[in-house]
$ cat final_21.cif   # mmCIF, N, CA and C atoms
data_data
loop_
_atom_site.label_atom_id
_atom_site.label_comp_id
_atom_site.auth_asym_id
_atom_site.auth_seq_id
_atom_site.Cartn_x
_atom_site.Cartn_y
_atom_site.Cartn_z
N MET A 18 -106.06 -21.60 76.65
CA MET A 18 -106.51 -21.60 75.28
C MET A 18 -107.28 -20.31 75.06
N ARG A 19 -106.80 -19.50 74.20
CA ARG A 19 -107.44 -18.22 73.91
C ARG A 19 -108.17 -18.30 72.58
N GLY A 20 -109.37 -17.74 72.48
CA GLY A 20 -110.09 -17.63 71.22
C GLY A 20 -109.89 -18.74 70.22
N LEU A 21 -110.87 -19.02 69.43
CA LEU A 21 -110.76 -20.08 68.43
C LEU A 21 -110.60 -19.48 67.05
N GLU A 22 -109.50 -19.74 66.47
CA GLU A 22 -109.22 -19.38 65.09
C GLU A 22 -108.59 -20.58 64.44
N PRO A 23 -108.82 -20.85 63.23
CA PRO A 23 -109.78 -20.24 62.33
C PRO A 23 -111.22 -20.63 62.68
N ALA A 24 -112.16 -20.07 61.96
CA ALA A 24 -113.58 -20.29 62.24
C ALA A 24 -113.95 -21.77 62.12
N GLU A 25 -113.24 -22.53 61.29
CA GLU A 25 -113.53 -23.96 61.14
C GLU A 25 -113.38 -24.70 62.47
N ALA A 26 -112.54 -24.20 63.35
CA ALA A 26 -112.34 -24.85 64.65
C ALA A 26 -113.64 -24.88 65.44
N GLU A 27 -114.34 -23.78 65.47
CA GLU A 27 -115.61 -23.74 66.21
C GLU A 27 -116.63 -24.69 65.59
N GLU A 28 -116.69 -24.73 64.26
CA GLU A 28 -117.61 -25.63 63.59
C GLU A 28 -117.29 -27.10 63.92
N LEU A 29 -116.00 -27.43 63.95
CA LEU A 29 -115.60 -28.80 64.29
C LEU A 29 -115.96 -29.14 65.73
N LEU A 30 -115.71 -28.23 66.66
CA LEU A 30 -116.06 -28.49 68.05
C LEU A 30 -117.56 -28.72 68.20
N LEU A 31 -118.36 -27.96 67.48
CA LEU A 31 -119.81 -28.16 67.52
C LEU A 31 -120.20 -29.52 66.94
N TRP A 32 -119.49 -29.98 65.91
CA TRP A 32 -119.76 -31.31 65.36
C TRP A 32 -119.56 -32.37 66.44
N PHE A 33 -118.48 -32.25 67.21
CA PHE A 33 -118.21 -33.23 68.26
C PHE A 33 -119.30 -33.21 69.34
N VAL A 34 -119.79 -32.05 69.68
CA VAL A 34 -120.89 -31.95 70.66
C VAL A 34 -122.14 -32.61 70.09
N ARG A 35 -122.46 -32.34 68.84
CA ARG A 35 -123.64 -32.94 68.21
C ARG A 35 -123.54 -34.45 68.08
N HIS A 36 -122.32 -34.97 68.08
CA HIS A 36 -122.13 -36.42 67.91
C HIS A 36 -121.76 -37.11 69.23
N ASP A 37 -122.31 -36.57 70.30
CA ASP A 37 -122.29 -37.22 71.62
C ASP A 37 -120.92 -37.38 72.26
N PHE A 38 -120.01 -36.47 72.00
CA PHE A 38 -118.75 -36.47 72.71
C PHE A 38 -118.93 -35.71 74.01
N ALA A 39 -118.53 -36.32 75.12
CA ALA A 39 -118.54 -35.62 76.41
C ALA A 39 -117.37 -34.65 76.41
N ARG A 40 -117.45 -33.63 77.27
CA ARG A 40 -116.41 -32.61 77.33
C ARG A 40 -115.99 -32.37 78.76
N HIS A 41 -114.68 -32.38 78.98
CA HIS A 41 -114.10 -31.94 80.25
C HIS A 41 -113.30 -30.68 79.93
N VAL A 42 -113.60 -29.62 80.63
CA VAL A 42 -112.88 -28.36 80.46
C VAL A 42 -111.95 -28.22 81.66
N LEU A 43 -110.64 -28.21 81.40
CA LEU A 43 -109.64 -28.24 82.48
C LEU A 43 -108.95 -26.89 82.61
N GLY A 44 -109.01 -26.33 83.80
CA GLY A 44 -108.34 -25.06 84.05
C GLY A 44 -109.33 -23.98 84.42
N PRO A 45 -108.84 -22.76 84.55
CA PRO A 45 -109.69 -21.66 85.00
C PRO A 45 -110.80 -21.31 84.01
N LEU A 46 -111.90 -20.85 84.55
CA LEU A 46 -113.03 -20.42 83.73
C LEU A 46 -112.59 -19.31 82.79
N GLY A 47 -112.89 -19.45 81.52
CA GLY A 47 -112.54 -18.43 80.53
C GLY A 47 -111.16 -18.58 79.92
N ALA A 48 -110.29 -19.39 80.52
CA ALA A 48 -108.95 -19.60 79.99
C ALA A 48 -108.49 -21.03 80.31
N PRO A 49 -109.21 -22.03 79.78
CA PRO A 49 -108.85 -23.40 80.11
C PRO A 49 -107.49 -23.80 79.57
N HIS A 50 -106.84 -24.75 80.26
CA HIS A 50 -105.57 -25.29 79.80
C HIS A 50 -105.81 -26.29 78.66
N VAL A 51 -106.82 -27.13 78.84
CA VAL A 51 -107.11 -28.20 77.89
C VAL A 51 -108.62 -28.44 77.87
N VAL A 52 -109.16 -28.70 76.69
CA VAL A 52 -110.52 -29.21 76.56
C VAL A 52 -110.39 -30.64 76.08
N VAL A 53 -110.97 -31.58 76.84
CA VAL A 53 -110.91 -32.99 76.49
C VAL A 53 -112.28 -33.40 75.96
N LEU A 54 -112.30 -33.93 74.74
CA LEU A 54 -113.51 -34.46 74.13
C LEU A 54 -113.36 -35.97 74.04
N PHE A 55 -114.41 -36.72 74.34
CA PHE A 55 -114.29 -38.17 74.22
C PHE A 55 -115.63 -38.85 74.03
N ARG A 56 -115.58 -39.98 73.33
CA ARG A 56 -116.76 -40.82 73.08
C ARG A 56 -116.30 -42.27 73.14
N GLN A 57 -117.00 -43.08 73.93
CA GLN A 57 -116.64 -44.49 74.08
C GLN A 57 -117.35 -45.35 73.04
N TRP A 58 -116.62 -46.37 72.60
CA TRP A 58 -117.15 -47.43 71.76
C TRP A 58 -117.12 -48.69 72.63
N ASN A 59 -118.06 -48.80 73.56
CA ASN A 59 -118.03 -49.85 74.57
C ASN A 59 -117.91 -51.26 73.99
N GLU A 60 -118.64 -51.53 72.92
CA GLU A 60 -118.64 -52.88 72.36
C GLU A 60 -117.29 -53.26 71.75
N HIS A 61 -116.42 -52.29 71.54
CA HIS A 61 -115.09 -52.54 70.97
C HIS A 61 -113.96 -52.31 71.97
N GLY A 62 -114.29 -51.79 73.17
CA GLY A 62 -113.26 -51.52 74.16
C GLY A 62 -112.33 -50.38 73.77
N LEU A 63 -112.89 -49.40 73.04
CA LEU A 63 -112.10 -48.27 72.55
C LEU A 63 -112.81 -46.96 72.88
N THR A 64 -112.03 -45.89 72.92
CA THR A 64 -112.57 -44.55 73.14
C THR A 64 -111.86 -43.58 72.20
N ASP A 65 -112.63 -42.75 71.51
CA ASP A 65 -112.05 -41.66 70.72
C ASP A 65 -111.86 -40.48 71.66
N VAL A 66 -110.69 -39.84 71.61
CA VAL A 66 -110.39 -38.75 72.53
C VAL A 66 -109.63 -37.65 71.80
N ALA A 67 -109.88 -36.41 72.21
CA ALA A 67 -109.14 -35.25 71.72
C ALA A 67 -108.71 -34.41 72.91
N HIS A 68 -107.46 -33.97 72.90
CA HIS A 68 -106.95 -33.00 73.88
C HIS A 68 -106.70 -31.71 73.10
N VAL A 69 -107.60 -30.76 73.24
CA VAL A 69 -107.47 -29.48 72.53
C VAL A 69 -106.77 -28.51 73.47
N ARG A 70 -105.54 -28.14 73.11
CA ARG A 70 -104.72 -27.28 73.96
C ARG A 70 -104.57 -25.88 73.37
N SER A 71 -104.49 -25.79 72.06
CA SER A 71 -104.31 -24.49 71.41
C SER A 71 -104.56 -24.66 69.92
N GLN A 72 -104.40 -23.58 69.18
CA GLN A 72 -104.58 -23.63 67.73
C GLN A 72 -103.53 -24.48 67.07
N VAL A 73 -102.35 -24.58 67.67
CA VAL A 73 -101.26 -25.33 67.05
C VAL A 73 -101.01 -26.68 67.71
N ARG A 74 -101.72 -26.98 68.78
CA ARG A 74 -101.50 -28.25 69.46
C ARG A 74 -102.81 -28.89 69.89
N THR A 75 -103.24 -29.83 69.08
CA THR A 75 -104.39 -30.66 69.42
C THR A 75 -103.98 -32.10 69.17
N GLU A 76 -104.21 -32.94 70.16
CA GLU A 76 -103.84 -34.35 70.08
C GLU A 76 -105.12 -35.17 70.04
N VAL A 77 -105.20 -36.09 69.09
CA VAL A 77 -106.38 -36.93 68.96
C VAL A 77 -105.94 -38.39 68.88
N ALA A 78 -106.79 -39.28 69.35
CA ALA A 78 -106.43 -40.69 69.34
C ALA A 78 -107.67 -41.56 69.50
N ARG A 79 -107.53 -42.80 69.10
CA ARG A 79 -108.48 -43.84 69.48
C ARG A 79 -107.71 -44.69 70.46
N ILE A 80 -108.16 -44.68 71.71
CA ILE A 80 -107.40 -45.34 72.78
C ILE A 80 -108.04 -46.67 73.15
N VAL A 81 -107.19 -47.53 73.71
CA VAL A 81 -107.64 -48.83 74.20
C VAL A 81 -108.06 -48.65 75.65
N ASP A 82 -109.30 -49.03 75.94
CA ASP A 82 -109.78 -48.96 77.33
C ASP A 82 -109.08 -50.04 78.14
N ALA A 83 -108.39 -49.63 79.19
CA ALA A 83 -107.65 -50.59 80.02
C ALA A 83 -107.69 -50.13 81.47
N PRO A 84 -107.61 -51.06 82.42
CA PRO A 84 -107.59 -50.68 83.84
C PRO A 84 -106.44 -49.72 84.13
N GLY A 85 -106.72 -48.71 84.93
CA GLY A 85 -105.69 -47.76 85.34
C GLY A 85 -105.42 -46.66 84.33
N ARG A 86 -106.05 -46.68 83.20
CA ARG A 86 -105.87 -45.64 82.19
C ARG A 86 -107.19 -44.93 81.97
N ASN A 87 -107.12 -43.70 81.49
CA ASN A 87 -108.33 -42.95 81.23
C ASN A 87 -108.08 -41.96 80.10
N VAL A 88 -109.05 -41.11 79.82
CA VAL A 88 -108.92 -40.17 78.70
C VAL A 88 -107.86 -39.11 78.96
N TYR A 89 -107.43 -38.92 80.21
CA TYR A 89 -106.37 -37.96 80.52
C TYR A 89 -104.98 -38.55 80.29
N ARG A 90 -104.84 -39.87 80.50
CA ARG A 90 -103.53 -40.52 80.41
C ARG A 90 -103.65 -41.89 79.74
N PRO A 91 -104.01 -41.92 78.47
CA PRO A 91 -104.13 -43.22 77.81
C PRO A 91 -102.77 -43.89 77.68
N GLY A 92 -102.77 -45.20 77.81
CA GLY A 92 -101.52 -45.95 77.70
C GLY A 92 -101.30 -46.52 76.31
N LEU A 93 -102.35 -47.13 75.75
CA LEU A 93 -102.25 -47.72 74.43
C LEU A 93 -103.27 -47.11 73.50
N VAL A 94 -102.89 -46.98 72.25
CA VAL A 94 -103.78 -46.45 71.21
C VAL A 94 -103.77 -47.41 70.04
N VAL A 95 -104.77 -47.29 69.19
CA VAL A 95 -104.75 -48.00 67.91
C VAL A 95 -104.54 -47.01 66.77
N TRP A 96 -104.63 -45.71 67.12
CA TRP A 96 -104.43 -44.64 66.15
C TRP A 96 -104.23 -43.35 66.92
N HIS A 97 -103.34 -42.49 66.46
CA HIS A 97 -103.20 -41.17 67.07
C HIS A 97 -102.66 -40.18 66.03
N TYR A 98 -102.86 -38.90 66.33
CA TYR A 98 -102.42 -37.82 65.45
C TYR A 98 -102.32 -36.56 66.30
N TRP A 99 -101.36 -35.70 66.01
CA TRP A 99 -101.34 -34.40 66.66
C TRP A 99 -100.92 -33.36 65.64
N GLY A 100 -101.46 -32.16 65.83
CA GLY A 100 -101.17 -31.07 64.91
C GLY A 100 -102.02 -29.87 65.27
N GLY A 101 -102.31 -29.05 64.29
CA GLY A 101 -103.19 -27.91 64.48
C GLY A 101 -104.61 -28.35 64.77
N ILE A 102 -105.38 -27.46 65.37
CA ILE A 102 -106.72 -27.81 65.82
C ILE A 102 -107.61 -28.31 64.68
N VAL A 103 -107.59 -27.65 63.53
CA VAL A 103 -108.48 -28.04 62.43
C VAL A 103 -108.04 -29.38 61.84
N ASP A 104 -106.75 -29.55 61.57
CA ASP A 104 -106.27 -30.81 60.99
C ASP A 104 -106.52 -31.98 61.93
N ALA A 105 -106.22 -31.81 63.21
CA ALA A 105 -106.37 -32.91 64.16
C ALA A 105 -107.83 -33.28 64.37
N LEU A 106 -108.69 -32.30 64.58
CA LEU A 106 -110.11 -32.62 64.80
C LEU A 106 -110.75 -33.20 63.54
N THR A 107 -110.34 -32.74 62.38
CA THR A 107 -110.86 -33.31 61.13
C THR A 107 -110.42 -34.77 60.99
N ALA A 108 -109.17 -35.07 61.34
CA ALA A 108 -108.69 -36.45 61.26
C ALA A 108 -109.51 -37.36 62.17
N LEU A 109 -109.81 -36.92 63.38
CA LEU A 109 -110.61 -37.73 64.30
C LEU A 109 -112.04 -37.87 63.80
N LYS A 110 -112.59 -36.79 63.32
CA LYS A 110 -113.96 -36.80 62.79
C LYS A 110 -114.10 -37.79 61.64
N ASP A 111 -113.08 -37.85 60.78
CA ASP A 111 -113.13 -38.71 59.59
C ASP A 111 -112.66 -40.14 59.83
N LEU A 112 -112.23 -40.46 61.05
CA LEU A 112 -111.76 -41.81 61.36
C LEU A 112 -112.95 -42.77 61.28
N PRO A 113 -112.82 -43.88 60.53
CA PRO A 113 -113.94 -44.83 60.44
C PRO A 113 -114.28 -45.42 61.80
N GLN A 114 -115.53 -45.79 61.97
CA GLN A 114 -115.97 -46.41 63.21
C GLN A 114 -115.22 -47.71 63.44
N PRO A 115 -115.04 -48.09 64.70
CA PRO A 115 -114.33 -49.35 64.99
C PRO A 115 -115.07 -50.56 64.43
N GLY A 116 -114.29 -51.60 64.15
CA GLY A 116 -114.88 -52.86 63.72
C GLY A 116 -114.93 -53.06 62.22
N GLY A 117 -114.69 -52.01 61.45
CA GLY A 117 -114.71 -52.14 60.00
C GLY A 117 -113.40 -52.68 59.46
N PRO A 118 -113.38 -53.06 58.20
CA PRO A 118 -112.17 -53.64 57.63
C PRO A 118 -111.01 -52.65 57.48
N ASP A 119 -111.31 -51.38 57.39
CA ASP A 119 -110.27 -50.36 57.18
C ASP A 119 -109.94 -49.57 58.43
N THR A 120 -110.38 -50.04 59.59
CA THR A 120 -110.11 -49.29 60.82
C THR A 120 -108.88 -49.84 61.51
N PRO A 121 -108.08 -48.95 62.10
CA PRO A 121 -106.89 -49.41 62.83
C PRO A 121 -107.31 -50.21 64.06
N ALA A 122 -106.58 -51.29 64.34
CA ALA A 122 -106.95 -52.14 65.47
C ALA A 122 -105.76 -52.65 66.26
N ARG A 123 -104.55 -52.41 65.82
CA ARG A 123 -103.37 -52.95 66.51
C ARG A 123 -102.89 -51.95 67.57
N PRO A 124 -102.92 -52.33 68.85
CA PRO A 124 -102.52 -51.41 69.93
C PRO A 124 -101.01 -51.15 69.93
N TYR A 125 -100.65 -49.90 70.29
CA TYR A 125 -99.26 -49.51 70.46
C TYR A 125 -99.20 -48.32 71.42
N GLU A 126 -98.02 -48.06 71.95
CA GLU A 126 -97.83 -46.91 72.83
C GLU A 126 -97.49 -45.70 71.97
N PRO A 127 -98.25 -44.61 72.11
CA PRO A 127 -97.97 -43.44 71.26
C PRO A 127 -96.68 -42.74 71.68
N PRO A 128 -96.03 -42.04 70.74
CA PRO A 128 -94.85 -41.25 71.13
C PRO A 128 -95.27 -40.14 72.08
N ARG A 129 -94.40 -39.80 73.02
CA ARG A 129 -94.71 -38.78 74.02
C ARG A 129 -93.90 -37.51 73.84
N ASP A 130 -92.92 -37.50 72.97
CA ASP A 130 -92.00 -36.38 72.83
C ASP A 130 -92.64 -35.24 72.04
N LEU A 131 -92.64 -34.04 72.62
CA LEU A 131 -93.15 -32.86 71.93
C LEU A 131 -92.02 -31.90 71.56
N HIS A 132 -90.80 -32.40 71.56
CA HIS A 132 -89.66 -31.55 71.22
C HIS A 132 -89.88 -30.92 69.84
N GLY A 133 -89.71 -29.64 69.77
CA GLY A 133 -89.85 -28.94 68.51
C GLY A 133 -91.23 -28.36 68.25
N VAL A 134 -92.18 -28.60 69.16
CA VAL A 134 -93.51 -27.99 68.98
C VAL A 134 -93.43 -26.56 69.50
N PRO A 135 -93.60 -25.57 68.62
CA PRO A 135 -93.40 -24.18 69.04
C PRO A 135 -94.38 -23.73 70.12
N GLY A 136 -93.83 -23.17 71.20
CA GLY A 136 -94.65 -22.57 72.24
C GLY A 136 -95.46 -23.54 73.06
N GLU A 137 -95.16 -24.82 72.98
CA GLU A 137 -95.98 -25.81 73.68
C GLU A 137 -95.11 -26.70 74.53
N GLY A 138 -94.83 -26.30 75.76
CA GLY A 138 -93.96 -27.10 76.59
C GLY A 138 -94.66 -27.80 77.73
N THR A 139 -95.99 -27.70 77.84
CA THR A 139 -96.70 -28.27 78.97
C THR A 139 -97.18 -29.67 78.65
N GLY A 140 -96.77 -30.63 79.45
CA GLY A 140 -97.27 -31.99 79.31
C GLY A 140 -96.72 -32.71 78.11
N ALA A 141 -96.73 -34.02 78.18
CA ALA A 141 -96.34 -34.85 77.06
C ALA A 141 -97.55 -35.11 76.18
N ALA A 142 -97.31 -35.58 74.98
CA ALA A 142 -98.42 -35.85 74.06
C ALA A 142 -99.38 -36.86 74.68
N LEU A 143 -100.65 -36.56 74.61
CA LEU A 143 -101.74 -37.39 75.14
C LEU A 143 -101.68 -37.62 76.64
N TRP A 144 -100.95 -36.79 77.37
CA TRP A 144 -100.91 -36.89 78.83
C TRP A 144 -101.26 -35.53 79.41
N ILE A 145 -102.21 -35.53 80.32
CA ILE A 145 -102.57 -34.32 81.04
C ILE A 145 -101.97 -34.43 82.43
N VAL A 146 -101.18 -33.43 82.78
CA VAL A 146 -100.51 -33.45 84.08
C VAL A 146 -101.47 -32.91 85.15
N PRO A 147 -101.26 -33.28 86.42
CA PRO A 147 -102.19 -32.87 87.48
C PRO A 147 -102.42 -31.35 87.55
N GLU A 148 -101.39 -30.56 87.28
CA GLU A 148 -101.55 -29.10 87.35
C GLU A 148 -102.56 -28.60 86.32
N GLU A 149 -102.62 -29.26 85.18
CA GLU A 149 -103.58 -28.86 84.14
C GLU A 149 -105.01 -29.21 84.54
N ALA A 150 -105.18 -30.26 85.34
CA ALA A 150 -106.50 -30.75 85.69
C ALA A 150 -106.98 -30.27 87.06
N GLU A 151 -106.37 -29.21 87.57
CA GLU A 151 -106.73 -28.76 88.92
C GLU A 151 -108.19 -28.34 89.04
N THR A 152 -108.75 -27.80 88.00
CA THR A 152 -110.16 -27.43 87.99
C THR A 152 -110.81 -28.12 86.80
N VAL A 153 -111.78 -28.96 87.06
CA VAL A 153 -112.44 -29.70 85.99
C VAL A 153 -113.93 -29.38 86.01
N ARG A 154 -114.43 -28.98 84.86
CA ARG A 154 -115.87 -28.80 84.69
C ARG A 154 -116.31 -29.81 83.64
N ILE A 155 -117.28 -30.64 83.97
CA ILE A 155 -117.72 -31.69 83.06
C ILE A 155 -118.99 -31.22 82.36
N ARG A 156 -118.94 -31.33 81.04
CA ARG A 156 -120.12 -30.97 80.24
C ARG A 156 -120.46 -32.17 79.36
N LEU A 157 -121.61 -32.76 79.63
CA LEU A 157 -122.04 -33.92 78.86
C LEU A 157 -122.88 -33.46 77.68
N PRO A 158 -122.89 -34.26 76.60
CA PRO A 158 -123.76 -33.91 75.47
C PRO A 158 -125.21 -33.93 75.92
N ARG A 159 -126.03 -33.20 75.22
CA ARG A 159 -127.45 -33.22 75.53
C ARG A 159 -128.03 -34.57 75.19
N VAL A 160 -128.90 -35.07 76.03
CA VAL A 160 -129.55 -36.35 75.80
C VAL A 160 -130.75 -36.13 74.91
N LYS A 161 -130.86 -36.96 73.87
CA LYS A 161 -131.98 -36.85 72.92
C LYS A 161 -133.04 -37.88 73.31
N PHE A 162 -134.27 -37.44 73.45
CA PHE A 162 -135.37 -38.35 73.78
C PHE A 162 -136.27 -38.51 72.59
#

$ encode --input "final_21.cif" --output "C-alpha cells"
Amino acid sequence: MRGLEPAEAEELLLWFVRHDFARHVLGPLGAPHVVVLFRQWNEHGLTDVAHVRSQVRTEVARIVDAPGRNVYRPGLVVWHYWGGIVDALTALKDLPQPGGPDTPARPYEPPRDLHGVPGEGTGAALWIVPEEAETVRIRLPRVKF
C-alpha cells in the first residue's frame, strides 16, 4: 500500500483509531500489504473489520464471531462492502451499532470473487492469505483513563 490518496482516506483512518479500532499492519515496514482495522461488539457476538489494501480495494464487514474464524478470515458476515478506500471506510463508519432495529443481523457467507477488480489479484475478498501476514505489527488504540 503506497501513500494515502485522497486526503479523506487519512482522516477516515484517524477516525477509526479515535473510535477504538485495533490495527494490525501486515507486511514489510513502510510498504504493508494490508492494514486490518477491527472493533468487537462482544455483547452481540459481532466484530466490525476493514481490510485496507489500496486506494481501489478496501473490504469492510460486520462479521459473526465464531470458533475457528478471525478478522483475517471471517466465515460469516451480517453486512459487507468493498470498493475504494474512502467509500468503503465511510460505509463502515456510518453502519449503525448492532442491536438496533435498522441494523443488519442475518448471517451469510460473503462473495469471495474479485474477478474484474483492476490491479488487485492477491487474496480473495475478506481473506488474508498467509504470505500477506508474514510480518504482523499490532497497534492497539490508546487507552483512555

$ atom_distance --input "final_21.cif" --atom1 "atom C of Arg70 (chain A)" --atom2 "atom N of Pro121 (chain A)"
25.9 Å

$ residues_around --input "final_21.cif" --residues "region 54-59 of chain A" --least-positions-apart "4" --cutoff "6 Å" --atoms "all atoms listed in the file" --output "list in words"
Asp37, Phe38, Ala39, Arg40, His41, Leu63, Thr64, Asp65, Val66, Ala67, His68 and Val69 of chain A

$ resolve_selection --input "final_21.cif" --expression "the PyMOL selection byres ((chain A and resi 99) around 6)" --output "number ranges by chain"
A: 75-77, 97-98, 100-101, 105

$ atom_distance --input "final_21.cif" --atom1 "atom C of Gly44 (chain A)" --atom2 "atom C of Val94 (chain A)"
28.0 Å

$ residues_around --input "final_21.cif" --residues "region 148-152 of chain A" --least-positions-apart "4" --cutoff "8 Å" --atoms "only C-alpha atoms" --output "CSV table (one decimal) with N, CA and C atoms, keeping the file's coordinate frame"
chain,number,residue,atom,x,y,z
A,43,LEU,N,-110.6,-28.2,81.4
A,43,LEU,CA,-109.6,-28.2,82.5
A,43,LEU,C,-109.0,-26.9,82.6
A,44,GLY,N,-109.0,-26.3,83.8
A,44,GLY,CA,-108.3,-25.1,84.0
A,44,GLY,C,-109.3,-24.0,84.4
A,45,PRO,N,-108.8,-22.8,84.6
A,45,PRO,CA,-109.7,-21.7,85.0
A,45,PRO,C,-110.8,-21.3,84.0
A,50,HIS,N,-106.8,-24.8,80.3
A,50,HIS,CA,-105.6,-25.3,79.8
A,50,HIS,C,-105.8,-26.3,78.7
A,51,VAL,N,-106.8,-27.1,78.8
A,51,VAL,CA,-107.1,-28.2,77.9
A,51,VAL,C,-108.6,-28.4,77.9

$ atom_distance --input "final_21.cif" --atom1 "atom C of Pro118 (chain A)" --atom2 "atom N of Val95 (chain A)"
14.3 Å

$ resolve_selection --input "final_21.cif" --expression "the PyMOL selection byres ((chain A and resi 92) around 8)" --output "JSON list (two decimals) with N, CA and C atoms, in the coordinates of the input"
[["chain", "number", "residue", "atom", "x", "y", "z"],
["A", 80, "ILE", "N", -108.16, -44.68, 71.71],
["A", 80, "ILE", "CA", -107.40, -45.34, 72.78],
["A", 80, "ILE", "C", -108.04, -46.67, 73.15],
["A", 81, "VAL", "N", -107.19, -47.53, 73.71],
["A", 81, "VAL", "CA", -107.64, -48.83, 74.20],
["A", 81, "VAL", "C", -108.06, -48.65, 75.65],
["A", 82, "ASP", "N", -109.30, -49.03, 75.94],
["A", 82, "ASP", "CA", -109.78, -48.96, 77.33],
["A", 82, "ASP", "C", -109.08, -50.04, 78.14],
["A", 83, "ALA", "N", -108.39, -49.63, 79.19],
["A", 83, "ALA", "CA", -107.65, -50.59, 80.02],
["A", 83, "ALA", "C", -107.69, -50.13, 81.47],
["A", 85, "GLY", "N", -106.72, -48.71, 84.93],
["A", 85, "GLY", "CA", -105.69, -47.76, 85.34],
["A", 85, "GLY", "C", -105.42, -46.66, 84.33],
["A", 86, "ARG", "N", -106.05, -46.68, 83.20],
["A", 86, "ARG", "CA", -105.87, -45.64, 82.19],
["A", 86, "ARG", "C", -107.19, -44.93, 81.97],
["A", 87, "ASN", "N", -107.12, -43.70, 81.49],
["A", 87, "ASN", "CA", -108.33, -42.95, 81.23],
["A", 87, "ASN", "C", -108.08, -41.96, 80.10],
["A", 88, "VAL", "N", -109.05, -41.11, 79.82],
["A", 88, "VAL", "CA", -108.92, -40.17, 78.70],
["A", 88, "VAL", "C", -107.86, -39.11, 78.96],
["A", 89, "TYR", "N", -107.43, -38.92, 80.21],
["A", 89, "TYR", "CA", -106.37, -37.96, 80.52],
["A", 89, "TYR", "C", -104.98, -38.55, 80.29],
["A", 90, "ARG", "N", -104.84, -39.87, 80.50],
["A", 90, "ARG", "CA", -103.53, -40.52, 80.41],
["A", 90, "ARG", "C", -103.65, -41.89, 79.74],
["A", 91, "PRO", "N", -104.01, -41.92, 78.47],
["A", 91, "PRO", "CA", -104.13, -43.22, 77.81],
["A", 91, "PRO", "C", -102.77, -43.89, 77.68],
["A", 93, "LEU", "N", -102.35, -47.13, 75.75],
["A", 93, "LEU", "CA", -102.25, -47.72, 74.43],
["A", 93, "LEU", "C", -103.27, -47.11, 73.50],
["A", 94, "VAL", "N", -102.89, -46.98, 72.25],
["A", 94, "VAL", "CA", -103.78, -46.45, 71.21],
["A", 94, "VAL", "C", -103.77, -47.41, 70.04],
["A", 95, "VAL", "N", -104.77, -47.29, 69.19],
["A", 95, "VAL", "CA", -104.75, -48.00, 67.91],
["A", 95, "VAL", "C", -104.54, -47.01, 66.77],
["A", 124, "PRO", "N", -102.92, -52.33, 68.85],
["A", 124, "PRO", "CA", -102.52, -51.41, 69.93],
["A", 124, "PRO", "C", -101.01, -51.15, 69.93],
["A", 125, "TYR", "N", -100.65, -49.90, 70.29],
["A", 125, "TYR", "CA", -99.26, -49.51, 70.46],
["A", 125, "TYR", "C", -99.20, -48.32, 71.42],
["A", 126, "GLU", "N", -98.02, -48.06, 71.95],
["A", 126, "GLU", "CA", -97.83, -46.91, 72.83],
["A", 126, "GLU", "C", -97.49, -45.70, 71.97],
["A", 127, "PRO", "N", -98.25, -44.61, 72.11],
["A", 127, "PRO", "CA", -97.97, -43.44, 71.26],
["A", 127, "PRO", "C", -96.68, -42.74, 71.68],
["A", 143, "LEU", "N", -100.65, -36.56, 74.61],
["A", 143, "LEU", "CA", -101.74, -37.39, 75.14],
["A", 143, "LEU", "C", -101.68, -37.62, 76.64]]

$ closest_residue --input "final_21.cif" --among "A:Arg79, A:Ile155, A:His61, A:Ser71" --to "Gly116 (chain A)" --atoms "only N, CA and C atoms"
A:His61

$ closest_residue --input "final_21.cif" --among "A:Ala141, A:Val146, A:Leu106, A:Ala122" --to "Leu30 (chain A)" --atoms "only C-alpha atoms"
A:Leu106
